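Data from final03.txt: compact mmCIF, C-alpha atoms and all ligand atoms
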# COMPACT_ATOMS: atom_id res chain seq x y z
CA MET I 1 -30.56 -61.94 -61.03
CA SER I 2 -27.29 -60.48 -62.29
CA ALA I 3 -24.20 -60.62 -60.06
CA ASP I 4 -24.59 -56.98 -59.06
CA VAL I 5 -28.22 -57.31 -57.96
CA VAL I 6 -28.37 -57.79 -54.19
CA SER I 7 -32.11 -57.97 -53.69
CA GLN I 8 -35.30 -57.84 -55.75
CA ARG I 9 -38.83 -57.40 -54.38
CA ALA I 10 -42.02 -55.96 -55.82
CA ALA I 11 -41.30 -52.25 -55.30
CA VAL I 12 -37.56 -51.83 -55.81
CA ARG I 13 -34.44 -53.66 -56.88
CA ILE I 14 -31.25 -53.18 -54.91
CA ARG I 15 -27.95 -53.27 -56.77
CA ARG I 16 -24.38 -52.19 -56.32
CA ALA I 17 -23.47 -48.76 -57.69
CA THR I 18 -21.10 -48.44 -60.64
CA VAL I 19 -19.13 -45.34 -61.64
CA ALA I 20 -21.85 -44.61 -64.21
CA ASP I 21 -24.11 -43.82 -61.20
CA ALA I 22 -21.77 -41.19 -59.66
CA GLU I 23 -23.46 -38.09 -61.07
CA VAL I 24 -27.02 -39.21 -60.32
CA LEU I 25 -25.99 -40.32 -56.83
CA ALA I 26 -24.33 -36.94 -56.13
CA LEU I 27 -27.53 -35.09 -57.12
CA PHE I 28 -29.77 -37.51 -55.22
CA GLY I 29 -27.60 -37.42 -52.08
CA ALA I 30 -27.50 -33.61 -52.04
CA ARG I 31 -31.26 -33.32 -52.63
CA THR I 32 -32.30 -35.88 -50.02
CA PHE I 33 -29.88 -34.42 -47.44
CA SER I 34 -31.32 -30.95 -48.10
CA GLU I 35 -34.93 -32.15 -47.89
CA ALA I 36 -34.21 -33.89 -44.59
CA PHE I 37 -32.11 -31.24 -42.86
CA ALA I 38 -32.31 -27.77 -44.49
CA ALA I 39 -35.14 -26.63 -42.22
CA ASP I 40 -33.00 -27.25 -39.11
CA ASN I 41 -29.66 -25.83 -40.31
CA THR I 42 -28.45 -22.45 -41.56
CA ALA I 43 -28.18 -21.97 -45.33
CA GLU I 44 -24.43 -21.43 -44.98
CA ASP I 45 -23.87 -24.65 -42.98
CA MET I 46 -25.92 -26.55 -45.56
CA ARG I 47 -23.92 -25.03 -48.42
CA LEU I 48 -20.60 -25.93 -46.78
CA HIS I 49 -21.70 -29.47 -46.02
CA LEU I 50 -23.14 -30.15 -49.48
CA ARG I 51 -19.97 -28.85 -51.15
CA SER I 52 -17.77 -31.07 -48.95
CA ALA I 53 -19.84 -34.25 -49.34
CA TRP I 54 -21.80 -34.26 -52.61
CA ARG I 55 -19.93 -33.77 -55.87
CA PRO I 56 -19.82 -36.28 -58.75
CA GLU I 57 -16.04 -36.72 -58.38
CA LEU I 58 -16.46 -37.59 -54.68
CA GLN I 59 -19.15 -40.20 -55.37
CA HIS I 60 -17.04 -41.54 -58.26
CA ALA I 61 -14.16 -42.11 -55.82
CA GLU I 62 -16.49 -43.62 -53.20
CA ILE I 63 -17.91 -46.11 -55.69
CA LEU I 64 -14.38 -47.17 -56.66
CA ASP I 65 -13.31 -47.42 -53.01
CA GLU I 66 -13.11 -51.13 -52.15
CA THR I 67 -13.52 -50.45 -48.43
CA LEU I 68 -16.95 -48.92 -49.06
CA ASP I 69 -20.10 -50.63 -50.41
CA THR I 70 -22.62 -48.38 -52.14
CA LEU I 71 -26.07 -49.97 -52.60
CA LEU I 72 -28.78 -48.35 -54.72
CA ALA I 73 -32.52 -48.98 -54.46
CA CYS I 74 -34.04 -48.42 -57.92
CA ASP I 75 -37.67 -48.37 -59.00
CA GLU I 76 -39.02 -50.24 -62.04
CA ARG I 77 -37.87 -47.40 -64.34
CA GLY I 78 -34.37 -47.53 -62.86
CA ALA I 79 -34.76 -44.22 -60.97
CA LEU I 80 -33.19 -43.94 -57.53
CA ALA I 81 -35.54 -44.51 -54.57
CA GLY I 82 -32.79 -44.66 -51.94
CA PHE I 83 -29.22 -45.66 -51.23
CA ALA I 84 -26.96 -46.92 -48.46
CA GLN I 85 -23.20 -46.86 -47.92
CA VAL I 86 -21.34 -49.16 -45.52
CA ARG I 87 -17.67 -49.43 -44.69
CA ALA I 88 -15.41 -51.22 -42.24
CA ALA I 89 -14.87 -48.64 -39.48
CA GLN I 90 -14.62 -48.52 -35.71
CA PRO I 91 -17.27 -46.76 -33.64
CA PRO I 92 -16.17 -44.01 -31.20
CA SER I 93 -13.89 -45.13 -28.38
CA GLY I 94 -15.56 -46.74 -25.40
CA ILE I 95 -17.96 -48.80 -27.53
CA ALA I 96 -16.76 -52.40 -27.50
CA THR I 97 -16.93 -54.19 -30.84
CA ARG I 98 -15.04 -57.05 -32.47
CA ASN I 99 -15.42 -56.63 -36.21
CA PRO I 100 -17.65 -53.63 -36.87
CA VAL I 101 -19.08 -52.12 -40.05
CA GLU I 102 -20.41 -48.55 -40.13
CA LEU I 103 -23.63 -47.65 -41.91
CA LYS I 104 -22.21 -44.36 -43.17
CA ARG I 105 -25.24 -43.10 -45.11
CA PHE I 106 -28.84 -44.33 -45.42
CA TYR I 107 -31.44 -42.33 -47.37
CA VAL I 108 -34.84 -43.11 -48.85
CA ASP I 109 -36.58 -40.55 -51.07
CA LYS I 110 -39.77 -39.04 -49.60
CA PRO I 111 -42.29 -40.76 -51.93
CA TRP I 112 -40.79 -44.10 -50.90
CA GLN I 113 -40.74 -43.49 -47.14
CA GLY I 114 -43.17 -45.63 -45.14
CA GLN I 115 -43.38 -48.10 -48.06
CA GLY I 116 -41.01 -50.83 -46.88
CA VAL I 117 -38.14 -49.70 -49.11
CA ALA I 118 -36.03 -48.68 -46.09
CA ARG I 119 -36.47 -52.16 -44.58
CA GLN I 120 -35.53 -53.83 -47.88
CA LEU I 121 -32.43 -51.64 -48.09
CA MET I 122 -31.52 -52.42 -44.48
CA ASP I 123 -31.86 -56.17 -45.16
CA ALA I 124 -29.43 -55.73 -48.08
CA VAL I 125 -27.05 -53.75 -45.84
CA GLU I 126 -27.07 -56.55 -43.28
CA THR I 127 -26.38 -59.11 -46.00
CA GLN I 128 -23.39 -57.04 -47.18
CA THR I 129 -22.17 -56.62 -43.61
CA ARG I 130 -22.28 -60.35 -42.97
CA ALA I 131 -20.48 -60.91 -46.28
CA ARG I 132 -17.63 -58.83 -44.83
CA ASP I 133 -17.55 -61.30 -41.89
CA ALA I 134 -18.52 -58.42 -39.64
CA ARG I 135 -20.29 -58.99 -36.33
CA GLU I 136 -21.70 -55.55 -35.59
CA LEU I 137 -23.37 -52.84 -37.64
CA TRP I 138 -23.29 -49.31 -36.15
CA LEU I 139 -24.32 -45.83 -37.21
CA GLY I 140 -24.56 -42.20 -36.12
CA VAL I 141 -27.96 -40.48 -36.29
CA TRP I 142 -28.68 -36.86 -35.35
CA GLU I 143 -30.24 -36.58 -31.88
CA ARG I 144 -33.09 -34.54 -33.46
CA ASN I 145 -33.82 -37.08 -36.23
CA GLU I 146 -36.56 -38.97 -34.43
CA ARG I 147 -38.03 -40.72 -37.47
CA ALA I 148 -34.69 -42.30 -38.37
CA GLN I 149 -34.11 -43.31 -34.76
CA ALA I 150 -37.54 -44.97 -34.66
CA PHE I 151 -36.77 -46.80 -37.89
CA TYR I 152 -33.38 -48.03 -36.62
CA ARG I 153 -34.92 -49.20 -33.31
CA LYS I 154 -37.52 -51.11 -35.34
CA CYS I 155 -34.64 -52.80 -37.17
CA GLY I 156 -33.00 -53.92 -33.92
CA PHE I 157 -30.46 -51.15 -33.26
CA ARG I 158 -29.97 -49.76 -29.74
CA LYS I 159 -28.29 -46.58 -28.56
CA VAL I 160 -24.78 -47.22 -27.22
CA GLY I 161 -23.26 -43.73 -27.11
CA THR I 162 -22.89 -40.39 -28.83
CA GLN I 163 -20.50 -38.70 -31.25
CA ILE I 164 -20.09 -35.27 -32.82
CA PHE I 165 -20.93 -34.77 -36.52
CA VAL I 166 -20.07 -31.37 -37.98
CA VAL I 167 -22.52 -29.90 -40.51
CA GLY I 168 -20.74 -26.93 -42.07
CA THR I 169 -19.52 -25.15 -38.94
CA ASP I 170 -22.06 -26.65 -36.53
CA PRO I 171 -20.91 -29.50 -34.25
CA GLN I 172 -24.04 -31.63 -33.73
CA THR I 173 -24.63 -34.55 -31.39
CA ASP I 174 -25.37 -37.89 -33.02
CA HIS I 175 -26.70 -40.92 -31.21
CA VAL I 176 -24.49 -43.91 -31.93
CA MET I 177 -26.66 -46.99 -32.44
CA LEU I 178 -25.49 -50.56 -32.83
CA LYS I 179 -26.93 -53.89 -33.92
CA ASP I 180 -25.27 -57.16 -33.05
CA LEU I 181 -25.62 -59.41 -36.11
CA ARG I 182 -24.61 -62.67 -34.47
C1 LIG I 201 -34.72 -42.73 -42.04
C2 LIG I 201 -35.45 -43.36 -43.20
C3 LIG I 201 -34.47 -44.15 -44.05
C4 LIG I 201 -36.47 -44.37 -42.63
O1 LIG I 201 -37.24 -44.89 -43.70
P1 LIG I 201 -38.85 -44.83 -43.61
O2 LIG I 201 -39.40 -45.49 -44.79
O3 LIG I 201 -39.23 -43.42 -43.35
O4 LIG I 201 -39.06 -45.72 -42.30
P2 LIG I 201 -40.42 -46.37 -41.75
O5 LIG I 201 -41.60 -45.55 -42.21
O6 LIG I 201 -40.41 -47.83 -42.04
O7 LIG I 201 -40.21 -46.21 -40.19
C5 LIG I 201 -40.18 -44.94 -39.60
C6 LIG I 201 -40.86 -45.03 -38.24
O8 LIG I 201 -40.79 -43.75 -37.62
C7 LIG I 201 -42.06 -43.35 -37.21
N1 LIG I 201 -42.11 -41.91 -37.34
C8 LIG I 201 -42.53 -41.17 -38.37
N2 LIG I 201 -42.37 -39.87 -38.11
C9 LIG I 201 -41.85 -39.79 -36.87
C10 LIG I 201 -41.46 -38.72 -36.02
N3 LIG I 201 -41.59 -37.45 -36.42
N4 LIG I 201 -40.95 -39.01 -34.80
C11 LIG I 201 -40.82 -40.29 -34.39
N5 LIG I 201 -41.16 -41.35 -35.15
C12 LIG I 201 -41.67 -41.10 -36.37
C13 LIG I 201 -43.03 -44.04 -38.14
O9 LIG I 201 -44.28 -44.13 -37.56
C14 LIG I 201 -42.34 -45.36 -38.37
O10 LIG I 201 -42.61 -46.30 -37.36
P3 LIG I 201 -43.83 -47.39 -37.50
O11 LIG I 201 -43.54 -48.21 -38.72
O12 LIG I 201 -43.73 -48.17 -36.23
O13 LIG I 201 -45.06 -46.59 -37.64
C15 LIG I 201 -36.17 -42.29 -44.08
O14 LIG I 201 -37.20 -41.66 -43.31
C16 LIG I 201 -35.22 -41.24 -44.62
O15 LIG I 201 -34.52 -41.48 -45.57
N6 LIG I 201 -35.22 -40.04 -44.00
C17 LIG I 201 -34.44 -38.91 -44.48
C18 LIG I 201 -32.95 -39.14 -44.42
C19 LIG I 201 -32.47 -39.65 -43.09
O16 LIG I 201 -32.87 -39.16 -42.03
N7 LIG I 201 -31.57 -40.65 -43.14
C20 LIG I 201 -30.98 -41.23 -41.97
C21 LIG I 201 -29.73 -40.51 -41.64
S1 LIG I 201 -28.94 -41.25 -40.22
Rewrite the coordinates I just gave you, this time as structure tokens.
Ligand SMILES: CC(C)(COP(=O)(O)OP(=O)(O)OC[C@H]1O[C@@H](n2cnc3c(N)ncnc32)[C@H](O)[C@@H]1OP(=O)(O)O)[C@@H](O)C(=O)NCCC(=O)NCCS
Amino acid sequence: MSADVVSQRAAVRIRRATVADAEVLALFGARTFSEAFAADNTAEDMRLHLRSAWRPELQHAEILDETLDTLLACDERGALAGFAQVRAAQPPSGIATRNPVELKRFYVDKPWQGQGVARQLMDAVETQTRARDARELWLGVWERNERAQAFYRKCGFRKVGTQIFVVGTDPQTDHVMLKDLR
């Protein structure tokens, strides 16, 4: 395995992103966000969110950002099946942590959902988190996103609070979920 490969199993290989991945990641992130959430948001809120979060220059900067790890799950042809981004960040106030890492984004493409790719990606995220000497992994997930919540519970996360996440102009309630890695 090369130094950048984090995990390799039958279905997908997980590796760190490089700047050469920025454009593909921007397209993939925008598409998977739209597929997951367009039905439950206005077209204008979606447009505003996508423009603020998914542009090749933004993903280029994120990949270069040393406080952020971007992991890509790639199929045997090298095409993206999913990705995750983690960074050192505190959860909302009132949630006690010592050395937390935030799972900022976690997406698996539809054909790969229910196939074990999400679990493989989460295992890689936990490995990265431990490599940062972090003790807790936390995330925000929309209160209406029941599939993701079920997946995170399966992985050992529990709900510890809530936070607001603004999509376009719409302030939405996220469940904050946390996993103690010790
Ligand atoms: C969230 C995500 C990464 C999970 O990956 P996945 O491969 O779908 O996860 P799994 O299939 O292993 O687990 C999902 C669980 O939810 C359950 N589930 C499916 N649909 C559900 C629903 N509508 N409501 C509640 N639970 C549901 C499944 O049965 C499964 O549990 P099981 O294995 O005990 O049967 C993936 O669905 C995804 O990328 N979704 C779109 C983007 C997204 O929501 N990202 C998270 C943002 S915080």
If you take all atoms listed in the file and a cut-off of 7 Å, which residues of chain I touch ligand LIG 201 (chain I), and what are their nearest atom pairs and distances in Å to one decimal, in chain and number order, as JSON lines?
{"residue": "I:Thr32", "atom": "CA", "partner": "I:LIG201", "partner_atom": "C18", "distance": 6.5}
{"residue": "I:Phe33", "atom": "CA", "partner": "I:LIG201", "partner_atom": "C18", "distance": 6.4}
{"residue": "I:Ala36", "atom": "CA", "partner": "I:LIG201", "partner_atom": "C17", "distance": 5.0}
{"residue": "I:Arg105", "atom": "CA", "partner": "I:LIG201", "partner_atom": "C21", "distance": 6.2}
{"residue": "I:Phe106", "atom": "CA", "partner": "I:LIG201", "partner_atom": "C20", "distance": 5.1}
{"residue": "I:Tyr107", "atom": "CA", "partner": "I:LIG201", "partner_atom": "O15", "distance": 3.7}
{"residue": "I:Val108", "atom": "CA", "partner": "I:LIG201", "partner_atom": "O15", "distance": 3.7}
{"residue": "I:Asp109", "atom": "CA", "partner": "I:LIG201", "partner_atom": "O15", "distance": 5.9}
{"residue": "I:Trp112", "atom": "CA", "partner": "I:LIG201", "partner_atom": "O2", "distance": 6.4}
{"residue": "I:Gln113", "atom": "CA", "partner": "I:LIG201", "partner_atom": "O2", "distance": 3.4}
{"residue": "I:Gly114", "atom": "CA", "partner": "I:LIG201", "partner_atom": "O5", "distance": 3.3}
{"residue": "I:Gln115", "atom": "CA", "partner": "I:LIG201", "partner_atom": "O2", "distance": 5.8}
{"residue": "I:Gly116", "atom": "CA", "partner": "I:LIG201", "partner_atom": "O6", "distance": 5.7}
{"residue": "I:Val117", "atom": "CA", "partner": "I:LIG201", "partner_atom": "O2", "distance": 6.2}
{"residue": "I:Ala118", "atom": "CA", "partner": "I:LIG201", "partner_atom": "O1", "distance": 4.6}
{"residue": "I:Arg119", "atom": "CA", "partner": "I:LIG201", "partner_atom": "O6", "distance": 6.4}
{"residue": "I:Gly140", "atom": "CA", "partner": "I:LIG201", "partner_atom": "S1", "distance": 6.1}
{"residue": "I:Val141", "atom": "CA", "partner": "I:LIG201", "partner_atom": "S1", "distance": 4.1}
{"residue": "I:Trp142", "atom": "CA", "partner": "I:LIG201", "partner_atom": "S1", "distance": 6.6}
{"residue": "I:Asn145", "atom": "CA", "partner": "I:LIG201", "partner_atom": "O16", "distance": 6.2}
{"residue": "I:Glu146", "atom": "CA", "partner": "I:LIG201", "partner_atom": "N4", "distance": 4.4}
{"residue": "I:Arg147", "atom": "CA", "partner": "I:LIG201", "partner_atom": "C12", "distance": 3.8}
{"residue": "I:Ala148", "atom": "CA", "partner": "I:LIG201", "partner_atom": "C1", "distance": 3.7}
{"residue": "I:Ala150", "atom": "CA", "partner": "I:LIG201", "partner_atom": "O8", "distance": 4.6}
{"residue": "I:Phe151", "atom": "CA", "partner": "I:LIG201", "partner_atom": "O7", "distance": 4.2}
{"residue": "I:Lys154", "atom": "CA", "partner": "I:LIG201", "partner_atom": "O12", "distance": 6.9}
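Minimum atom-to-atom distance to Val167 in chain I, evaluated using all atoms listed in the file, belongs to I:Asn41 out of I:Arg87, I:Asn41, I:Asp133, I:Cys155.
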**Complete:** With distances taken over all atoms listed in the file, the candidate from I:Gln90, I:Gln120, I:Asn99, I:Ser34 nearest Leu71 in chain I is I:Gln120
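What separates CA of Lys179 in chain I from CA of Gly82 in chain I is a distance of 21.1 Å.
With CA of Gly161 in chain I on one side and CA of Lys110 in chain I on the other, the separation reads 28.3 Å.
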Step by step, gather every atom of range 22-40 of chain I that the file lists, find the box along x, y and z that holds them, add 5 Å on each side, and finally give centre and edge lengths in Å to one decimal, as AutoDock Vina command-line options.
--center_x -28.5 --center_y -33.9 --center_z -50.1 --size_x 23.4 --size_y 24.6 --size_z 32.0
**Message:** So that I can see what lies close to Val86 in chain I, please list as a VMD selection string the residues with an atom at most 7 Å from it, counting only C-alpha atoms and leaving out residues fewer than 3 positions away in the same chain.
**Reply:** chain I and resid 68 to 70 101 to 104
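In terms of minimum interatomic distance to Glu76 in chain I, I:Val12 ranks closest within I:Val176, I:Ala53, I:Val12, I:Leu64, counting all atoms listed in the file.
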**Request:** Enumerate, as a list in words, the protein, DNA and RNA residues whose atoms approach (-25.2, -63.0, -32.9) to within 9 Å, taking into account only C-alpha atoms and the coordinate frame of the file.
**Result:** Arg135, Glu136, Asp180, Leu181 and Arg182 of chain I
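As for CA of Ala26 in chain I and CA of His175 in chain I, they are spaced 25.3 Å apart.
Compared by their closest atoms to Asp65 in chain I, and using only C-alpha atoms, the residues I:Thr129, I:Thr18, I:Thr97, I:Gln172 rank with I:Thr18 nearest.
For Ala17 in chain I, the non-local neighbours within 10 Å, defined as residues at least 6 positions apart in the same chain or in other chains and counting all atoms listed in the file, are Asp4, Val5, Leu25, Gln59, His60, Glu62, Ile63, Leu64, Asp69, Thr70, Leu71, Leu72, Ala73, Phe83 and Gln85 of chain I.
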Could those residues be written to a file, using C-alpha atoms, as an mmCIF file, keeping the file's coordinate frame?
data_model
loop_
_atom_site.group_PDB
_atom_site.id
_atom_site.type_symbol
_atom_site.label_atom_id
_atom_site.label_comp_id
_atom_site.auth_asym_id
_atom_site.auth_seq_id
_atom_site.Cartn_x
_atom_site.Cartn_y
_atom_site.Cartn_z
ATOM 1 C CA ASP I 4 -24.590 -56.980 -59.060
ATOM 2 C CA VAL I 5 -28.220 -57.310 -57.960
ATOM 3 C CA LEU I 25 -25.990 -40.320 -56.830
ATOM 4 C CA GLN I 59 -19.150 -40.200 -55.370
ATOM 5 C CA HIS I 60 -17.040 -41.540 -58.260
ATOM 6 C CA GLU I 62 -16.490 -43.620 -53.200
ATOM 7 C CA ILE I 63 -17.910 -46.110 -55.690
ATOM 8 C CA LEU I 64 -14.380 -47.170 -56.660
ATOM 9 C CA ASP I 69 -20.100 -50.630 -50.410
ATOM 10 C CA THR I 70 -22.620 -48.380 -52.140
ATOM 11 C CA LEU I 71 -26.070 -49.970 -52.600
ATOM 12 C CA LEU I 72 -28.780 -48.350 -54.720
ATOM 13 C CA ALA I 73 -32.520 -48.980 -54.460
ATOM 14 C CA PHE I 83 -29.220 -45.660 -51.230
ATOM 15 C CA GLN I 85 -23.200 -46.860 -47.920
#
**Prompt:** Contacts of Thr42 in chain I at 12 Å or less, counting all atoms listed in the file, minus same-chain residues fewer than 4 places along, as an MDAnalysis selection string?
**Reply:** chainID I and resid 34 37:38 46:49 167:170
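When all atoms listed in the file are used to compute distances to Ala11 in chain I, the closest of the residues I:Leu27, I:Ala84, I:Leu178, I:Leu121 turns out to be I:Leu121.
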